[in-house]
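Heads up: the structure comes next, in structure tokens.
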Amino acid sequence: MTVHDALQAVTDRIAARSAKTRAAYLDACRANMRPGPRRRLLSEGNLAHAAAACPVLEKTELLGASWPNLGIVTAYNDMLSAHQPFGRFPDVIKRAARKAGATAQVAGGVPAMCDGVTQGRDGMELSLFSRDVIAQSTAVALSHDCFDAAIHLGVCDKIVPGLLIAALRYGYLPHIFAPAGPMPSGIPNPEKAKVRQQFAAGEVGRDTLLAAEAASYHSPGTCTFYGTANTNQMLMEIMGMQLPGSSFIHPNTPLRDAMTARTVARAVAITNMAEDFTPACEVIDVRAIVNGLVGLMATGGSTNLTIHLSAIARSAGLLIDWNDYAEISRIVPLICRIYPNGAADVNHFHAAGGMAYLVGELLGEGLLHPDVTTVAGGEGLLEYAKEPVLMDESTLEVGYRDGPGTSLVPDILACVSEPFRADGGLALMTGNLGRGVMKVSSVARENWQVEAPAIVIDDQDDLIALHQAGELERDFVAVLRFQGPRANGMPELHKLTPVLGLQQDKGFRVALVTDGRMSGASGKIPAAIHMHPEALLGGPLSRVVTGDTVRVDAAAGTVEVLDADLSRRDPASAPMRGNLSALGMNMFAPQRSIATDAESGASTLGNMFGNAAVPA
């Protein structure tokens with residue numbers, strides 16, 4: 001298969017930019033490889049501790065035999081609907097491991113917070129940095145050095161990126177992801193959004209709002225809109241870190257259990273004690289990262305991944321920036337309509353052909369690198385144009401068949417020759433207000449350009465107060481500053497969405513400019529987000545004042561103040577922080593003080609490359 005010339009050019013540019021850091025990364029991984037089982041180098045006391053609590057068969061194999069040992073890193077908790085199904089996964093994994101001639105142990109747990117619960121609350125200020133805590137927790141779990149491969153159980157927003165960042169730091173081991181799947185569809189997402197706006201307008205009460213929310217988020221499994229959690233699942237497939245067709249199978253079903261068992265069998269097969277040794281450092285290379293960027297654009301995925309993919313790439317010694325995202329967005333058309341880019345949810349996407357159709361269509365048009373290493377083995381990414389079939393429920397045997405060659409629902413999944421839009425719908429935004437991104441795939445074309453007076457605020461509640469006071473009945477650009485990684489951990493700002501959407505629906509020209517995040521649910525409002533340099537560091541947003549004329553132009557990729565010389569103004573002081581000790585936000589002050597900018601991944605983890613250090 002021939003790869004699109006422009007896609008290859010981006011790949012080559014990233015590879016050249018990353019030559020020193022990638023070489024240093026691979027050298028570090030190779031230096032840590034050794035014949036298995038890895039526990040062979042543990043002392044007798046070390047090994048006795050590792051096996052002490054195991055059942056007799058597992059203890060026998062761990063202490064004296066040659067079976068590989070799999071480490072399970074789990075983000076289970078029973079508050080997150082997406083992660084509640086993981087409670088029963090260790091037993092499924094251990095049974096499957098024994099059948100495959102291996103042992104498996106829960107190596108450790110990682111924290112897993114829900115942005116849906118913390119949205120608009122102080123706890124959201126921990127959300128982004130929880131990714132790096134998850135990575136560090138995974139490192140603690142794997143530090144015992146007695147595992148020959150790792151199986152990662154995670155789905156949601158910061159959890160999968162955190163797990164993968166750590167997996168790549170242990171890139172000399174094989175790693176594989178085992179997802180839990182989405183909940184069944186609830187009320188349609190546009191209906192939920194309508195009720196939210198009705199509540200913001202005072203047309204319905206809290207009881208109606210709560211009923212709509214509960215009918216949407218209603219059972220175990222991932223939320224069904226195409227936010228960060230489901231974008232993560234798409235990425236793990238298209239980057240070759242989980243099995244083909246595994247992302248969107250419902251939890252607690254025979255096929256889900258069968259896919260988990262097959263994942264275990266593959267984990268055993270890719271250890272260096274088997275025939276198909278596949279360490280993570282060989283899976284996530286420049287081609288896999290570019291394939292991930294392609295998937296992000298083709299599906300209209302979460303803007304959170306413009307942060308997370310940069311951090312993931314750096315963990316593998318690869319340097320990407322938003323110019324790479326923007327160039328791939330120009331090459332790759334949007335061929336999916338999943339809420340908030342359309343009315344359908346991920347269950348509808350899966351039924352319309354799902355990942356198998358998506359990968360097959362993109363491969364056929366030269367928009368993916370086919371010759372990659374994946375945890376599935378076989379013929380690279382061609383294996384991901386297939387879909388799983390349950391062959392025998394009693395034995396959990398899974399087979400594969402070719403995915404559909406044409407979309408089963410063209411209104412949800414299009415073809416590259418007749419896309420929903422000609423590009424991927426992600427715009428790089430630059431100008432005298434800094435550098436950021438805008439997800440335009442769900443913004444109507446008539447709303448791409450907004451030129452209006454600025455309303456400068458330092459807290460999203462300030463805009464809500466202005467709305468309640470009737471002071472937003474006009475055109476405006478909300479400039480929400482001091483929301484960057486260094487300021488307050490870069491929270492998502494979805495409390496603003498119903499208010500801004502309501503004013504836009506009234507016919508006003510409305511936009512948002514912020515150094516904070518909007519994430520996977522970024523919707524119909526033109527929003528230049530992740531702006532950097534952030535306001536706390538004296539970035540241009542700290543110099544804007546209410547009344548300045550701001551122009552946001554997604555078509556031109558510009559965001560700027562038109563009628564003022566910002567360089568002549570002193571930056572505004574950061575607002576006084578409230579007492580955050582009650583919820584523990586003060587514990588994250590060290591992370592805030594060292595976080596890199598959003599384009600570099602908003603990372604607090606530093607680098608592992610010695611003299612070939614990754615730039616901040």
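Every chain in the structure tokens has a letter given in the order shown (A, B, ...), and although residue numbers restart at 1 in each chain, ligands are simply numbered from 1 in the order shown.
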Residues of region 462-494 of chain A that have any atom at most 9 Å from an atom of region 569-578 of chain A: could you tabulate them with the shortest-distance atom pair and the distance in Å to one decimal, using only C-alpha atoms, ordered by chain and increasing number, as CSV?
```
residue,atom,partner,partner_atom,distance
A:Arg481,CA,A:Ala574,CA,8.9
A:Phe482,CA,A:Ala574,CA,6.6
A:Ala487,CA,A:Ala574,CA,8.1
A:Asn488,CA,A:Arg577,CA,8.9
```
Residues of region 243-299 of chain A that have any atom at most 10 Å from an atom of region 184-194 of chain A: could you tabulate them with the shortest-distance atom pair and the distance in Å to one decimal, using only C-alpha atoms, ordered by chain and increasing number, as a Markdown table?
```
| residue | atom | partner | partner_atom | distance |
| --- | --- | --- | --- | --- |
| A:Ile249 | CA | A:Pro184 | CA | 9.8 |
| A:His250 | CA | A:Pro184 | CA | 7.2 |
| A:Pro251 | CA | A:Pro184 | CA | 9.3 |
```
Convert the current residue selection to file output with N, CA and C atoms, as a compact mmCIF listing (two decimals), in the first residue's frame.
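Generated file (selection_20.txt):
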```txt
# COMPACT_ATOMS: atom_id res chain seq x y z
N ILE A 249 -17.14 -2.86 22.39
CA ILE A 249 -17.99 -4.00 22.77
C ILE A 249 -18.50 -3.75 24.18
N HIS A 250 -19.78 -3.96 24.42
CA HIS A 250 -20.37 -3.65 25.72
C HIS A 250 -19.74 -4.46 26.85
N PRO A 251 -19.68 -3.89 28.05
CA PRO A 251 -19.16 -4.63 29.21
C PRO A 251 -20.05 -5.81 29.57
```
(request) Just the residues within 12 Å of Gly109 (chain A), please, counting only C-alpha atoms, with nothing from its chain fewer than 5 positions along; format it as a PyMOL selection string. (result) chain A and resi 71-77+83+86-87+90+133-142+151-154+159+163
(request) Give me the residues within 9 Å of Asp402 (chain A) as a list in words, counting only C-alpha atoms and dropping any in the same chain fewer than 6 places off. (result) Ala356, Glu383, Ala385, Lys386, Glu387 and Pro388 of chain A
(request) Choose the residue, out of A:Met124, A:Ala229, A:Met113, A:Val479, that has the smallest atom-to-atom separation from Asp157 (chain A); count only C-alpha atoms. (result) A:Ala229
So that I can check the surroundings of Met259 (chain A), please list as a PDB file with C-alpha atoms, in the first residue's frame every protein, DNA and RNA residue that reaches within 12 Å of it, counting only C-alpha atoms and ignoring chain neighbours fewer than 3 positions away.
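New file result05.pdb:
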```pdb
ATOM      1  CA  PHE A  89     -11.297  -8.501  35.014  1.00  0.00           C
ATOM      2  CA  VAL A  92     -10.944 -13.407  33.898  1.00  0.00           C
ATOM      3  CA  ILE A  93      -7.304 -12.556  33.192  1.00  0.00           C
ATOM      4  CA  ALA A  96      -6.981 -17.020  30.757  1.00  0.00           C
ATOM      5  CA  PHE A 177      -4.535  -2.601  26.812  1.00  0.00           C
ATOM      6  CA  ALA A 178      -7.799  -4.347  27.685  1.00  0.00           C
ATOM      7  CA  PRO A 179     -10.787  -1.960  27.509  1.00  0.00           C
ATOM      8  CA  ALA A 180     -14.166  -2.363  29.186  1.00  0.00           C
ATOM      9  CA  GLY A 181     -16.467  -0.897  26.518  1.00  0.00           C
ATOM     10  CA  GLN A 242      -5.017  -3.159  21.911  1.00  0.00           C
ATOM     11  CA  LEU A 243      -6.631  -5.867  19.848  1.00  0.00           C
ATOM     12  CA  PRO A 244      -8.595  -5.124  16.672  1.00  0.00           C
ATOM     13  CA  GLY A 245     -12.270  -4.460  17.305  1.00  0.00           C
ATOM     14  CA  SER A 246     -11.938  -4.412  21.088  1.00  0.00           C
ATOM     15  CA  SER A 247     -12.886  -0.798  21.811  1.00  0.00           C
ATOM     16  CA  PHE A 248     -16.655  -0.628  21.593  1.00  0.00           C
ATOM     17  CA  ILE A 249     -17.988  -4.001  22.769  1.00  0.00           C
ATOM     18  CA  HIS A 250     -20.372  -3.653  25.721  1.00  0.00           C
ATOM     19  CA  PRO A 251     -19.156  -4.627  29.213  1.00  0.00           C
ATOM     20  CA  ASN A 252     -20.199  -7.849  30.893  1.00  0.00           C
ATOM     21  CA  THR A 253     -21.032  -9.670  27.664  1.00  0.00           C
ATOM     22  CA  PRO A 254     -19.617 -12.973  26.386  1.00  0.00           C
ATOM     23  CA  LEU A 255     -17.782 -11.245  23.532  1.00  0.00           C
ATOM     24  CA  ARG A 256     -16.193  -8.762  25.942  1.00  0.00           C
ATOM     25  CA  ARG A 262      -7.728 -13.235  23.834  1.00  0.00           C
ATOM     26  CA  THR A 263      -5.867 -10.144  25.029  1.00  0.00           C
ATOM     27  CA  VAL A 264      -4.243 -12.265  27.739  1.00  0.00           C
ATOM     28  CA  ALA A 265      -3.239 -14.922  25.225  1.00  0.00           C
ATOM     29  CA  ARG A 266      -1.606 -12.267  23.064  1.00  0.00           C
ATOM     30  CA  ALA A 376      -2.009  -8.220  17.373  1.00  0.00           C
ATOM     31  CA  GLU A 387     -13.701  -7.399  13.338  1.00  0.00           C
ATOM     32  CA  PRO A 388     -14.008 -10.019  16.085  1.00  0.00           C
ATOM     33  CA  VAL A 389     -16.656 -12.732  16.132  1.00  0.00           C
ATOM     34  CA  LEU A 390     -17.511 -14.965  19.102  1.00  0.00           C
ATOM     35  CA  MET A 391     -17.005 -18.516  17.840  1.00  0.00           C
ATOM     36  CA  GLU A 393     -19.276 -18.867  24.081  1.00  0.00           C
ATOM     37  CA  THR A 395     -14.676 -21.598  25.550  1.00  0.00           C
ATOM     38  CA  LEU A 396     -14.561 -17.837  24.863  1.00  0.00           C
ATOM     39  CA  GLU A 397     -13.046 -18.534  21.466  1.00  0.00           C
ATOM     40  CA  VAL A 398     -12.835 -15.486  19.181  1.00  0.00           C
ATOM     41  CA  GLY A 399     -12.335 -15.452  15.429  1.00  0.00           C
ATOM     42  CA  TYR A 400     -11.956 -12.573  12.974  1.00  0.00           C
TER      43      TYR A 400
END
```
(request) Tell me which protein, DNA and RNA residues are within 12 Å of Glu203 (chain A), counting only C-alpha atoms, leaving out same-chain ones fewer than 6 positions away, and put them as a ChimeraX atom specification. (result) /A:194-197,209,502
Can you write just those residues out, N, CA and C atoms, as a compact mmCIF listing (two decimals), in the first residue's frame?
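In the end it all went to again.txt:
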```
# COMPACT_ATOMS: atom_id res chain seq x y z
N LYS A 194 -30.03 19.89 24.69
CA LYS A 194 -31.16 20.83 24.66
C LYS A 194 -31.67 21.10 26.07
N VAL A 195 -31.79 20.06 26.88
CA VAL A 195 -32.27 20.25 28.26
C VAL A 195 -31.29 21.11 29.05
N ARG A 196 -29.99 20.92 28.82
CA ARG A 196 -29.00 21.75 29.51
C ARG A 196 -29.19 23.22 29.16
N GLN A 197 -29.41 23.51 27.89
CA GLN A 197 -29.62 24.90 27.50
C GLN A 197 -30.94 25.44 28.05
N LEU A 209 -33.59 18.57 34.57
CA LEU A 209 -32.18 18.44 34.18
C LEU A 209 -31.59 17.15 34.71
N LEU A 502 -26.51 29.09 24.36
CA LEU A 502 -27.79 29.78 24.40
C LEU A 502 -27.69 31.14 23.72
```
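From CA of Thr60 (chain A) back to CA of Phe147 (chain A), the distance works out to 15.8 Å.
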(request) Skip Arg34 (chain A) itself and residues of its chain fewer than 3 positions away, then list as a ChimeraX atom specification all residues within 9 Å of it, counting only C-alpha atoms. (result) /A:30-31,37-38,172,272
(message) Can you measure CA of Gly378 (chain A) to CA of Asp276 (chain A) for me? One decimal in Å is fine.
(response)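 Going from CA of Gly378 (chain A) over to CA of Asp276 (chain A) covers 10.0 Å.
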Contacts of region 420-448 of chain A with region 303-312 of chain A up to 12 Å, shortest pair per row, only C-alpha atoms, as a tab-separated table:
```
residue	atom	partner	partner_atom	distance
A:Gly424	CA	A:Thr303	CA	11.9
A:Gly425	CA	A:Thr303	CA	10.6
A:Leu426	CA	A:Thr303	CA	8.3
A:Ala427	CA	A:Thr303	CA	10.5
A:Leu428	CA	A:Thr306	CA	10.5
A:Gly436	CA	A:Thr306	CA	9.8
A:Val437	CA	A:Thr303	CA	8.0
A:Met438	CA	A:Thr303	CA	8.0
A:Lys439	CA	A:Thr303	CA	6.8
A:Val440	CA	A:Thr303	CA	10.5
A:Ser441	CA	A:Thr303	CA	11.0
```
Those selected residues, please, written with C-alpha atoms and delivered as a CSV table (one decimal), in the first residue's frame.
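Output contents, as saved in out33.csv:
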```csv
chain,number,residue,atom,x,y,z
A,424,GLY,CA,-10.0,17.0,10.0
A,425,GLY,CA,-11.6,20.0,11.7
A,426,LEU,CA,-8.8,21.0,13.9
A,427,ALA,CA,-7.3,24.5,13.4
A,428,LEU,CA,-4.1,25.8,14.8
A,436,GLY,CA,-3.7,27.5,20.6
A,437,VAL,CA,-6.1,25.2,18.9
A,438,MET,CA,-9.8,25.1,17.9
A,439,LYS,CA,-12.0,22.2,17.1
A,440,VAL,CA,-14.1,23.4,14.2
A,441,SER,CA,-15.6,20.1,13.1
```
(message) So, with only C-alpha atoms as the atoms that count, which of A:Val155, A:Ala6, A:Ala215, A:Ala465 lies closest to Ala82 (chain A)?
(response)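 Result for the nearest residue to Ala82 (chain A): A:Val155.
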(message) For a test of reading the model, state the distance in Å between CA of Val545 (chain A) and CA of Asp563 (chain A), rounded to one decimal.
(response)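 Computing the Euclidean distance for CA of Val545 (chain A) and CA of Asp563 (chain A) yields 11.3 Å.
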Would you mind listing, for every residue of region 529-592 of chain A within 12 Å of region 128-132 of chain A, the two atoms forming the shortest contact and the distance between them in Å to one decimal, using only C-alpha atoms, sorted by chain and ascending residue number, as CSV?
```
residue,atom,partner,partner_atom,distance
A:Met585,CA,A:Phe129,CA,10.7
A:Met587,CA,A:Phe129,CA,11.2
A:Phe588,CA,A:Phe129,CA,8.0
A:Ala589,CA,A:Phe129,CA,10.5
A:Pro590,CA,A:Phe129,CA,10.6
A:Gln591,CA,A:Phe129,CA,7.2
A:Arg592,CA,A:Phe129,CA,8.4
```
(request) Considering only C-alpha atoms, state which residue in the set A:Ala97, A:Leu536, A:Val477, A:Ala454 is at the smallest distance from Ala261 (chain A). (result)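 For Ala261 (chain A), the nearest of the candidates is A:Ala97.
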(request) Check the smallest atom-to-atom distance from each of A:Gly470, A:Arg40, A:Asp122, A:Val10 to Ser329 (chain A) using only C-alpha atoms, then report the winner. (result)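 Nearest to Ser329 (chain A): A:Val10.
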(request) Would you mind writing down, as a PyMOL selection string, each residue of region 92-336 of chain A that DSSP on the backbone assigns to alpha helix (DSSP H)? (result) chain A and resi 92-99+115-118+127-142+159-169+189-200+206-216+228-238+254-269+280-283+286-299+305-315+322-331
